[in-house]
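Trainee: I'm passing along final.csv; it holds CSV, C-alpha atoms and all ligand atoms.
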```csv
chain,number,residue,atom,x,y,z
A,1,MET,CA,-7.1,16.7,-11.7
A,2,ARG,CA,-10.7,16.4,-10.7
A,3,LYS,CA,-11.8,15.2,-7.4
A,4,ILE,CA,-15.0,13.1,-7.3
A,5,SER,CA,-16.5,13.2,-3.8
A,6,THR,CA,-19.6,11.1,-4.6
A,7,SER,CA,-18.0,8.0,-6.2
A,8,THR,CA,-21.4,6.8,-7.5
A,9,GLN,CA,-21.6,3.9,-9.9
A,10,SER,CA,-21.6,6.3,-12.9
A,11,ASP,CA,-18.6,8.3,-11.5
A,12,ILE,CA,-16.7,5.0,-11.1
A,13,LYS,CA,-17.6,4.0,-14.7
A,14,LYS,CA,-16.2,7.3,-15.9
A,15,ALA,CA,-13.1,6.7,-13.9
A,16,ALA,CA,-12.7,3.2,-15.5
A,17,LYS,CA,-13.0,4.8,-18.9
A,18,ALA,CA,-10.4,7.5,-18.0
A,19,LEU,CA,-8.0,4.7,-17.0
A,20,LEU,CA,-8.5,2.9,-20.3
A,21,ASP,CA,-7.9,6.2,-22.1
A,22,GLY,CA,-4.5,6.5,-20.4
A,23,SER,CA,-5.3,8.9,-17.6
A,24,LEU,CA,-4.5,8.3,-13.9
A,25,VAL,CA,-7.1,7.6,-11.3
A,26,ALA,CA,-6.3,7.8,-7.6
A,27,PHE,CA,-8.7,5.5,-5.7
A,28,PRO,CA,-9.3,4.3,-2.1
A,29,THR,CA,-8.4,0.8,-1.0
A,30,GLU,CA,-8.8,-0.6,2.5
A,31,THR,CA,-5.1,-0.1,3.2
A,32,VAL,CA,-4.2,3.3,1.7
A,33,TYR,CA,-5.1,5.3,-1.4
A,34,GLY,CA,-3.5,4.1,-4.7
A,35,LEU,CA,-2.5,6.0,-7.8
A,36,GLY,CA,-3.9,3.9,-10.6
A,37,ALA,CA,-2.9,3.4,-14.2
A,38,ASP,CA,-3.7,0.8,-16.9
A,39,ALA,CA,-1.1,-1.8,-16.1
A,40,THR,CA,-0.6,-2.7,-19.7
A,41,ASN,CA,-0.1,0.9,-20.9
A,42,PRO,CA,3.5,1.9,-20.8
A,43,GLU,CA,2.9,5.7,-21.2
A,44,ALA,CA,0.3,5.7,-18.4
A,45,VAL,CA,2.6,3.7,-16.1
A,46,SER,CA,5.5,6.0,-16.9
A,47,ARG,CA,3.3,8.9,-15.7
A,48,VAL,CA,2.7,7.2,-12.4
A,49,TYR,CA,6.5,7.1,-11.9
A,50,SER,CA,6.9,10.8,-12.8
A,51,VAL,CA,3.9,12.0,-10.7
A,52,LYS,CA,5.3,10.0,-7.7
A,53,GLY,CA,8.9,11.0,-8.4
A,54,ARG,CA,9.8,7.4,-8.0
A,55,PRO,CA,12.7,5.5,-9.7
A,56,THR,CA,11.5,3.3,-12.5
A,57,ASP,CA,13.2,0.2,-11.3
A,58,HIS,CA,10.8,0.0,-8.3
A,59,PRO,CA,8.0,-2.4,-9.4
A,60,LEU,CA,4.3,-1.6,-9.1
A,61,ILE,CA,1.6,-3.8,-7.7
A,62,VAL,CA,-1.1,-4.8,-10.2
A,63,HIS,CA,-4.6,-4.8,-8.8
A,64,ILE,CA,-7.3,-7.2,-10.1
A,65,SER,CA,-10.9,-7.6,-9.1
A,66,SER,CA,-10.9,-11.3,-8.3
A,67,LYS,CA,-8.7,-14.2,-7.4
A,68,GLU,CA,-9.7,-16.0,-10.6
A,69,LEU,CA,-7.7,-13.4,-12.7
A,70,ILE,CA,-4.4,-14.3,-11.0
A,71,LYS,CA,-3.6,-16.7,-13.9
A,72,ASP,CA,-3.6,-13.8,-16.4
A,73,TRP,CA,-0.7,-12.2,-14.6
A,74,ALA,CA,1.2,-15.0,-12.9
A,75,ILE,CA,2.5,-18.5,-13.6
A,76,ASP,CA,3.8,-21.4,-11.4
A,77,ILE,CA,1.7,-20.5,-8.4
A,78,PRO,CA,2.8,-22.6,-5.5
A,79,SER,CA,0.1,-24.4,-3.5
A,80,TYR,CA,0.8,-22.4,-0.3
A,81,ALA,CA,0.2,-19.2,-2.4
A,82,GLN,CA,-3.1,-20.6,-3.6
A,83,LYS,CA,-4.1,-21.2,0.0
A,84,LEU,CA,-3.2,-17.6,0.9
A,85,VAL,CA,-5.3,-16.4,-2.1
A,86,LYS,CA,-8.3,-18.4,-1.1
A,87,ASN,CA,-8.2,-17.1,2.5
A,88,PHE,CA,-7.0,-13.6,2.3
A,89,TRP,CA,-8.3,-12.2,-1.0
A,90,PRO,CA,-10.0,-9.8,-1.4
A,91,GLY,CA,-8.0,-8.1,1.3
A,92,PRO,CA,-4.9,-6.3,2.4
A,93,MET,CA,-2.3,-8.8,1.0
A,94,THR,CA,0.0,-8.6,-2.0
A,95,LEU,CA,1.7,-11.7,-3.4
A,96,ILE,CA,4.9,-11.7,-5.5
A,97,LEU,CA,4.7,-14.4,-8.1
A,98,ARG,CA,6.5,-15.5,-11.2
A,99,ARG,CA,5.1,-13.2,-14.0
A,100,SER,CA,3.2,-14.2,-17.1
A,101,ASP,CA,3.9,-12.5,-20.5
A,102,LEU,CA,1.3,-9.9,-19.7
A,103,ALA,CA,3.5,-8.4,-16.9
A,104,LYS,CA,6.0,-6.4,-18.8
A,105,ASP,CA,9.3,-4.9,-17.6
A,106,PHE,CA,7.7,-1.5,-17.1
A,107,ILE,CA,5.5,-2.9,-14.4
A,108,THR,CA,8.0,-5.3,-12.7
A,109,GLY,CA,11.0,-3.0,-12.8
A,110,GLY,CA,12.7,-5.6,-15.1
A,111,GLN,CA,12.3,-8.5,-12.6
A,112,ASP,CA,10.8,-11.8,-13.6
A,113,ASN,CA,8.1,-11.6,-11.0
A,114,VAL,CA,5.0,-9.5,-10.4
A,115,GLY,CA,3.2,-8.1,-7.4
A,116,LEU,CA,-0.6,-8.8,-7.4
A,117,ARG,CA,-3.4,-7.7,-5.1
A,118,VAL,CA,-7.2,-8.1,-5.0
A,119,PRO,CA,-8.4,-5.2,-2.8
A,120,ALA,CA,-11.7,-5.5,-0.9
A,121,GLN,CA,-12.7,-1.8,-0.7
A,122,PRO,CA,-16.0,-1.5,-2.5
A,123,ILE,CA,-15.0,1.5,-4.7
A,124,ALA,CA,-11.8,-0.2,-5.7
A,125,GLN,CA,-13.8,-3.4,-6.4
A,126,THR,CA,-16.3,-1.5,-8.6
A,127,LEU,CA,-13.5,0.4,-10.4
A,128,LEU,CA,-11.7,-2.8,-11.2
A,129,ARG,CA,-14.8,-4.6,-12.4
A,130,GLU,CA,-15.8,-1.7,-14.6
A,131,PHE,CA,-12.3,-1.4,-16.0
A,132,GLU,CA,-12.2,-5.1,-16.8
A,133,LYS,CA,-15.6,-4.9,-18.4
A,134,LEU,CA,-14.1,-2.4,-20.8
A,135,GLY,CA,-11.3,-4.8,-21.7
A,136,GLY,CA,-8.7,-3.8,-19.1
A,137,SER,CA,-6.5,-6.4,-17.4
A,138,GLY,CA,-5.4,-4.8,-14.2
A,139,ILE,CA,-4.7,-1.5,-12.5
A,140,ALA,CA,-1.1,-0.7,-11.5
A,141,ALA,CA,-1.2,1.3,-8.3
A,142,PRO,CA,1.5,2.4,-5.9
A,143,SER,CA,0.5,4.3,-2.8
A,144,ALA,CA,-0.7,7.8,-3.9
A,145,ASN,CA,2.1,9.8,-2.3
A,146,ARG,CA,5.4,11.3,-3.5
A,147,PHE,CA,8.3,8.8,-3.3
A,148,GLY,CA,9.5,8.2,0.3
A,149,ALA,CA,6.7,10.1,1.9
A,150,VAL,CA,3.8,8.9,4.1
A,151,SER,CA,1.1,6.9,2.3
A,152,PRO,CA,-2.3,8.8,2.1
A,153,THR,CA,-5.2,7.5,4.0
A,154,THR,CA,-7.6,10.3,2.9
A,155,VAL,CA,-8.5,11.9,-0.3
A,156,GLU,CA,-7.3,15.3,1.1
A,157,ALA,CA,-3.8,13.7,1.7
A,158,VAL,CA,-3.7,12.5,-2.0
A,159,GLN,CA,-4.6,16.0,-3.2
A,160,GLU,CA,-2.0,17.7,-1.0
A,161,ASP,CA,0.8,15.3,-2.2
A,162,LEU,CA,0.0,14.8,-5.8
A,163,GLY,CA,-2.5,17.5,-6.8
A,164,GLN,CA,0.1,19.7,-8.4
A,165,TYR,CA,1.6,16.9,-10.5
A,166,LEU,CA,-1.7,15.5,-11.9
A,167,ASP,CA,-3.3,16.9,-15.0
A,168,SER,CA,-6.9,18.0,-15.8
A,169,LYS,CA,-8.0,14.5,-17.1
A,170,ASP,CA,-6.8,12.6,-14.1
A,171,LEU,CA,-9.3,11.8,-11.4
A,172,VAL,CA,-9.3,11.2,-7.6
A,173,LEU,CA,-12.1,9.1,-6.1
A,174,ASP,CA,-13.1,9.8,-2.5
A,175,GLY,CA,-13.8,6.8,-0.3
A,176,GLY,CA,-13.4,8.4,3.1
A,177,PRO,CA,-10.6,7.4,5.5
A,178,SER,CA,-8.9,4.1,4.8
A,179,LEU,CA,-10.0,1.3,7.1
A,180,VAL,CA,-6.6,-0.4,7.7
A,181,GLY,CA,-4.4,2.6,7.4
A,182,ILE,CA,-1.1,0.9,6.7
A,183,GLU,CA,0.0,-0.8,3.4
A,184,SER,CA,-0.7,-4.4,2.4
A,185,THR,CA,1.3,-7.3,3.7
A,186,ILE,CA,3.7,-8.3,0.9
A,187,ILE,CA,4.6,-12.0,0.6
A,188,ASP,CA,7.2,-13.2,-1.9
A,189,CYS,CA,5.9,-16.5,-3.2
A,190,THR,CA,8.6,-17.3,-5.7
A,191,ASN,CA,10.4,-19.8,-3.5
A,192,GLU,CA,9.5,-23.0,-1.6
A,193,ILE,CA,9.2,-21.0,1.6
A,194,PRO,CA,7.2,-17.8,1.6
A,195,MET,CA,9.0,-14.6,2.6
A,196,ILE,CA,7.3,-11.6,4.2
A,197,LEU,CA,8.8,-8.5,2.5
A,198,ARG,CA,6.5,-6.0,4.2
A,199,PRO,CA,4.5,-6.9,7.3
A,200,GLY,CA,0.9,-5.7,7.5
A,201,SER,CA,-2.5,-6.5,8.9
A,202,ILE,CA,-2.4,-10.0,7.4
A,203,THR,CA,0.0,-11.0,10.1
A,204,THR,CA,2.8,-13.5,10.2
A,205,GLU,CA,0.9,-15.6,12.7
A,206,MET,CA,-2.2,-15.7,10.4
A,207,ILE,CA,0.0,-16.8,7.5
A,208,GLN,CA,1.9,-19.4,9.5
A,209,LYS,CA,-1.3,-20.9,10.9
A,210,LEU,CA,-2.9,-21.2,7.5
A,211,ILE,CA,-0.1,-22.7,5.5
A,212,GLU,CA,1.7,-24.6,8.2
A,213,LYS,CA,5.0,-23.3,7.0
A,214,LYS,CA,7.0,-20.8,8.9
A,215,PRO,CA,7.5,-17.8,6.6
A,216,ILE,CA,10.8,-16.1,6.4
A,217,ILE,CA,10.6,-12.6,7.6
A,218,ASN,CA,12.9,-10.4,5.5
A,219,VAL,CA,12.1,-6.8,5.5
A,220,THR,CA,15.7,-5.8,4.8
A,221,ASN,CA,16.3,-7.9,1.6
A,222,THR,CA,18.1,-5.6,-0.7
A,223,LEU,CA,18.2,-7.9,-3.7
A,224,ILE,CA,14.6,-7.3,-4.4
A,225,ARG,CA,14.0,-3.6,-5.2
A,226,ALA,CA,11.0,-2.6,-3.1
A,227,SER,CA,10.9,1.0,-2.2
A,228,GLY,CA,9.5,0.3,1.2
A,229,MET,CA,12.8,-1.4,1.9
A,230,LEU,CA,15.0,1.7,1.7
A,231,PRO,CA,16.3,2.6,5.1
A,232,VAL,CA,14.1,5.7,5.3
A,233,HIS,CA,10.6,5.5,4.0
A,234,TYR,CA,7.1,6.3,5.0
A,235,ALA,CA,8.5,9.4,6.6
A,236,PRO,CA,6.9,12.7,7.5
A,237,ASN,CA,8.9,16.0,7.5
A,238,ALA,CA,9.0,15.8,11.3
A,239,LYS,CA,11.7,13.7,12.8
A,240,ILE,CA,10.3,10.4,14.3
A,241,LYS,CA,11.7,9.5,17.7
A,242,ILE,CA,10.9,6.0,19.1
A,243,SER,CA,13.0,6.0,22.2
A,244,GLY,CA,14.1,8.4,24.8
A,245,VAL,CA,12.2,11.1,26.7
A,246,THR,CA,9.4,13.2,25.2
A,247,ASN,CA,10.1,16.9,25.5
A,248,ALA,CA,7.7,19.8,25.7
A,249,GLY,CA,6.6,21.0,22.3
A,250,GLU,CA,7.1,17.6,20.6
A,251,GLY,CA,4.2,15.7,19.0
A,252,PHE,CA,3.2,12.6,20.9
A,253,ILE,CA,1.6,9.3,19.7
A,254,ALA,CA,0.9,6.4,22.1
A,255,LEU,CA,-1.9,4.0,23.1
A,256,SER,CA,-4.6,5.8,25.0
A,257,ASN,CA,-3.7,4.3,28.3
A,258,ILE,CA,-0.3,6.1,28.2
A,259,PRO,CA,-0.6,9.7,29.5
A,260,THR,CA,0.7,12.6,27.5
A,261,PRO,CA,4.1,13.9,28.9
A,262,ALA,CA,4.1,17.4,30.2
A,263,GLY,CA,4.0,20.0,27.4
A,264,ALA,CA,3.9,17.5,24.6
A,265,ILE,CA,1.2,17.8,21.8
A,266,ARG,CA,-1.0,14.7,21.7
A,267,LEU,CA,-1.4,13.7,18.0
A,268,ALA,CA,-3.2,10.4,18.5
A,269,ALA,CA,-4.4,8.2,21.4
A,270,PRO,CA,-5.5,4.9,19.8
A,271,ASN,CA,-7.4,2.5,22.0
A,272,ASN,CA,-6.1,-0.7,20.3
A,273,LEU,CA,-3.6,-1.9,17.7
A,274,GLU,CA,-6.1,-1.7,14.8
A,275,GLU,CA,-6.8,1.9,15.7
A,276,PHE,CA,-3.1,2.6,16.0
A,277,ALA,CA,-2.5,1.5,12.4
A,278,LYS,CA,-5.5,3.3,11.1
A,279,ILE,CA,-4.6,6.7,12.5
A,280,LEU,CA,-0.8,6.6,12.4
A,281,TYR,CA,-0.3,8.3,9.0
A,282,SER,CA,-2.9,11.0,9.5
A,283,ALA,CA,-1.2,11.8,12.9
A,284,PHE,CA,2.1,12.1,11.0
A,285,ARG,CA,0.4,14.5,8.5
A,286,THR,CA,-1.1,16.5,11.4
A,287,ALA,CA,2.3,17.1,12.8
A,288,ASP,CA,3.6,18.3,9.5
A,289,ILE,CA,0.7,20.6,9.0
A,290,HIS,CA,1.5,22.2,12.4
A,291,GLY,CA,5.1,22.4,11.5
A,292,LEU,CA,6.3,20.2,14.5
A,293,SER,CA,9.9,19.3,14.3
A,294,THR,CA,9.8,16.0,16.3
A,295,ILE,CA,7.2,13.3,16.9
A,296,SER,CA,7.8,11.1,19.8
A,297,VAL,CA,6.1,7.7,19.5
A,298,ILE,CA,5.8,4.9,22.0
A,299,PRO,CA,5.7,1.8,19.8
A,300,PRO,CA,3.1,-0.9,20.6
A,301,ASN,CA,4.5,-4.2,22.0
A,302,GLY,CA,3.7,-7.7,20.8
A,303,ASP,CA,3.1,-9.6,17.6
A,304,GLY,CA,0.5,-9.3,14.9
A,305,ILE,CA,-0.2,-5.9,13.6
A,306,ALA,CA,2.0,-4.4,16.3
A,307,HIS,CA,4.9,-5.8,14.3
A,308,ALA,CA,3.8,-4.0,11.1
A,309,ILE,CA,3.3,-0.7,13.1
A,310,ARG,CA,6.9,-1.0,14.5
A,311,ASP,CA,8.2,-1.7,11.0
A,312,ARG,CA,6.7,1.5,9.7
A,313,LEU,CA,7.9,3.5,12.7
A,314,ASN,CA,11.5,2.1,12.2
A,315,LYS,CA,11.4,3.0,8.5
A,316,ALA,CA,10.0,6.5,9.2
A,317,SER,CA,12.7,7.1,11.8
A,318,GLY,CA,15.4,6.0,9.5
B,401,LIG,O1,-1.5,-1.5,0.3
B,401,LIG,C1,-0.8,-1.4,-0.7
B,401,LIG,O2,-0.1,-2.3,-1.0
B,401,LIG,C2,-1.0,-0.1,-1.5
B,401,LIG,C3,-2.4,-0.1,-2.2
B,401,LIG,C4,-2.6,1.0,-3.1
B,401,LIG,O3,-2.6,-1.3,-2.8
B,401,LIG,N1,0.0,-0.1,-2.5
B,401,LIG,C5,1.3,0.1,-2.2
B,401,LIG,O4,2.2,0.2,-3.3
B,401,LIG,O5,1.7,0.3,-1.0
B,401,LIG,P1,3.6,0.8,-3.2
B,401,LIG,O6,4.2,0.7,-4.6
B,401,LIG,O7,3.6,2.1,-2.6
B,401,LIG,O8,4.4,-0.2,-2.3
B,401,LIG,C6,4.5,-1.5,-2.8
B,401,LIG,C7,5.9,-2.0,-2.5
B,401,LIG,C8,7.0,-1.2,-3.2
B,401,LIG,O9,8.1,-1.0,-2.3
B,401,LIG,C9,7.3,-2.0,-4.4
B,401,LIG,O10,8.6,-1.7,-4.9
B,401,LIG,C10,7.2,-3.4,-3.9
B,401,LIG,O11,6.0,-3.3,-3.1
B,401,LIG,N2,6.9,-4.3,-5.0
B,401,LIG,C11,5.9,-4.3,-5.9
B,401,LIG,N3,6.0,-5.2,-6.9
B,401,LIG,C12,7.1,-6.0,-6.5
B,401,LIG,C13,7.8,-7.1,-7.0
B,401,LIG,N4,7.4,-7.7,-8.1
B,401,LIG,N5,8.9,-7.6,-6.3
B,401,LIG,C14,9.3,-6.9,-5.2
B,401,LIG,N6,8.7,-5.9,-4.7
B,401,LIG,C15,7.6,-5.4,-5.3
B,402,MG,MG,4.3,3.4,-1.2
```
Give the structure from the file, written as structure tokens.

Mentor:
Amino acid sequence: MRKISTSTQSDIKKAAKALLDGSLVAFPTETVYGLGADATNPEAVSRVYSVKGRPTDHPLIVHISSKELIKDWAIDIPSYAQKLVKNFWPGPMTLILRRSDLAKDFITGGQDNVGLRVPAQPIAQTLLREFEKLGGSGIAAPSANRFGAVSPTTVEAVQEDLGQYLDSKDLVLDGGPSLVGIESTIIDCTNEIPMILRPGSITTEMIQKLIEKKPIINVTNTLIRASGMLPVHYAPNAKIKISGVTNAGEGFIALSNIPTPAGAIRLAAPNNLEEFAKILYSAFRTADIHGLSTISVIPPNGDGIAHAIRDRLNKASG
């Protein structure tokens, strides 16, 4: 694996070529880093599963450079989904739609739908455009971490997690710390009423206001095989505690206006909810690096992105 810290136009072009040749490229998006492969290449996609250690029936999100390309991958797009696309792409939102013939079983986990996302992050955008110029159709990319672990929000985290499983032709593009810090909002658009499968920074309130339909919130749906829906996920090695007292020697994460309990080790003191999401996963990683056994977290109250943060905390705590 080669790390590219500059991510110049010519570096990104090389990365696009590597993808087309069947190699893997980890790249930044505004949510978290993704582990990319040519979404039409079964061997490359199968390497994504083995590098992540992820069961192959868990589908992958296909990333495309622009909303216009949605029709390559999806059919029967409901009008509310078109509204979502128009307003929130490029951005931290993934839509589940009925698949076209291009979306094969090895991408969808055998389901008849496909997850699609247009990321806004400039390096991701350039990579996708260069890849498409070379004839590529889309980049499949799960978060660039081992299955069940915390998503990476820095290039160092990607290297720590996956470095030993990648080979010499694979690349990792550095784009600095991720802006949002938690994974995209996933909305199942295969029914009349949209269903939020994974809350994120495109919030339920934003969706409802736009489409004038109340989305169903179903983060525990077990019929759809989404790995983020297993009872424990997004978890560091340290145990996450979201209620009860904080003891001396435990890691501590809370909004900055909440003082650190005596003897606890402050891992993060975000000033607002956006900051909370942005630094949550790197705080988890800091705890693991220091070998802490427990992280005590005071979850933020309220709606919007606070809901997404609580979702990740609940998953991480099992
Ligand atoms: O922010 C994100 O979404 C990041 C960046 C890299 O785009 N990607 C990401 O991918 O978080 P991943 O695979 O780690 O999480 C996506 C979740 C998985 O649980 C996957 O199984 C589910 O979405 N998923 C993907 N396609 C699906 C589909 N067609 N139907 C149901 N669930 C799907
Ligand atoms: Mg993931």

Trainee: Can you work out the spacing between CA of Glu156 (chain A) and atom O1 of ligand LIG 401 (chain B) in Å, to one decimal?

Mentor: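 Atom-to-atom, CA of Glu156 (chain A) to atom O1 of ligand LIG 401 (chain B), that is 17.8 Å.
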
Trainee: Calculated over all atoms listed in the file, which of the candidates A:Val150, A:Ile289, A:Gln159, A:Met195 has the smallest distance to Leu313 (chain A)?

Mentor: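 Among the listed residues, the smallest separation from Leu313 (chain A) belongs to A:Val150.
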
Trainee: From the set A:Ala238, A:Val62, A:Val85, A:Ile182, which residue has the shortest atom-to-atom contact distance to Ile279 (chain A), counting only C-alpha atoms?

Mentor: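 Of all the options, A:Ile182 lies closest to Ile279 (chain A).
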
Trainee: Which residues, written as a PyMOL selection string, have at least one atom at most 8 Å from region 111-127 of chain A, with only C-alpha atoms counted and residues fewer than 2 positions away on the same chain left out?

Mentor: chain A and resi 7+9+12-13+15-16+27-30+59-67+70+73-74+89-99+103+105+107-109+129-131+175+190

Trainee: Show me the residues close to (2.2, -2.4, 22.1) - anything with an atom within 10 Å, counting only C-alpha atoms - and format the list as a ChimeraX atom specification.

Mentor: /A:254-255,272-273,276,298-303,305-307,309-310

Trainee: Enumerate residues in contact with ligand MG 402 (chain B): an atom-to-atom distance of at most 8 Å, counting all atoms listed in the file. Format the result as a list in words.

Mentor: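 Result of the 8 Å neighbour search around ligand MG 402 (chain B): Pro142, Ser143, Ala144, Asn145, Phe147, Gly148, Ala149, Val150, Ser151, Glu183, Ser227, Gly228 and Tyr234 of chain A.
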
Trainee: Expressed in Å to a single decimal, how great is the separation between CA of Ala140 (chain A) and atom O10 of ligand LIG 401 (chain B)?

Mentor: 11.8 Å
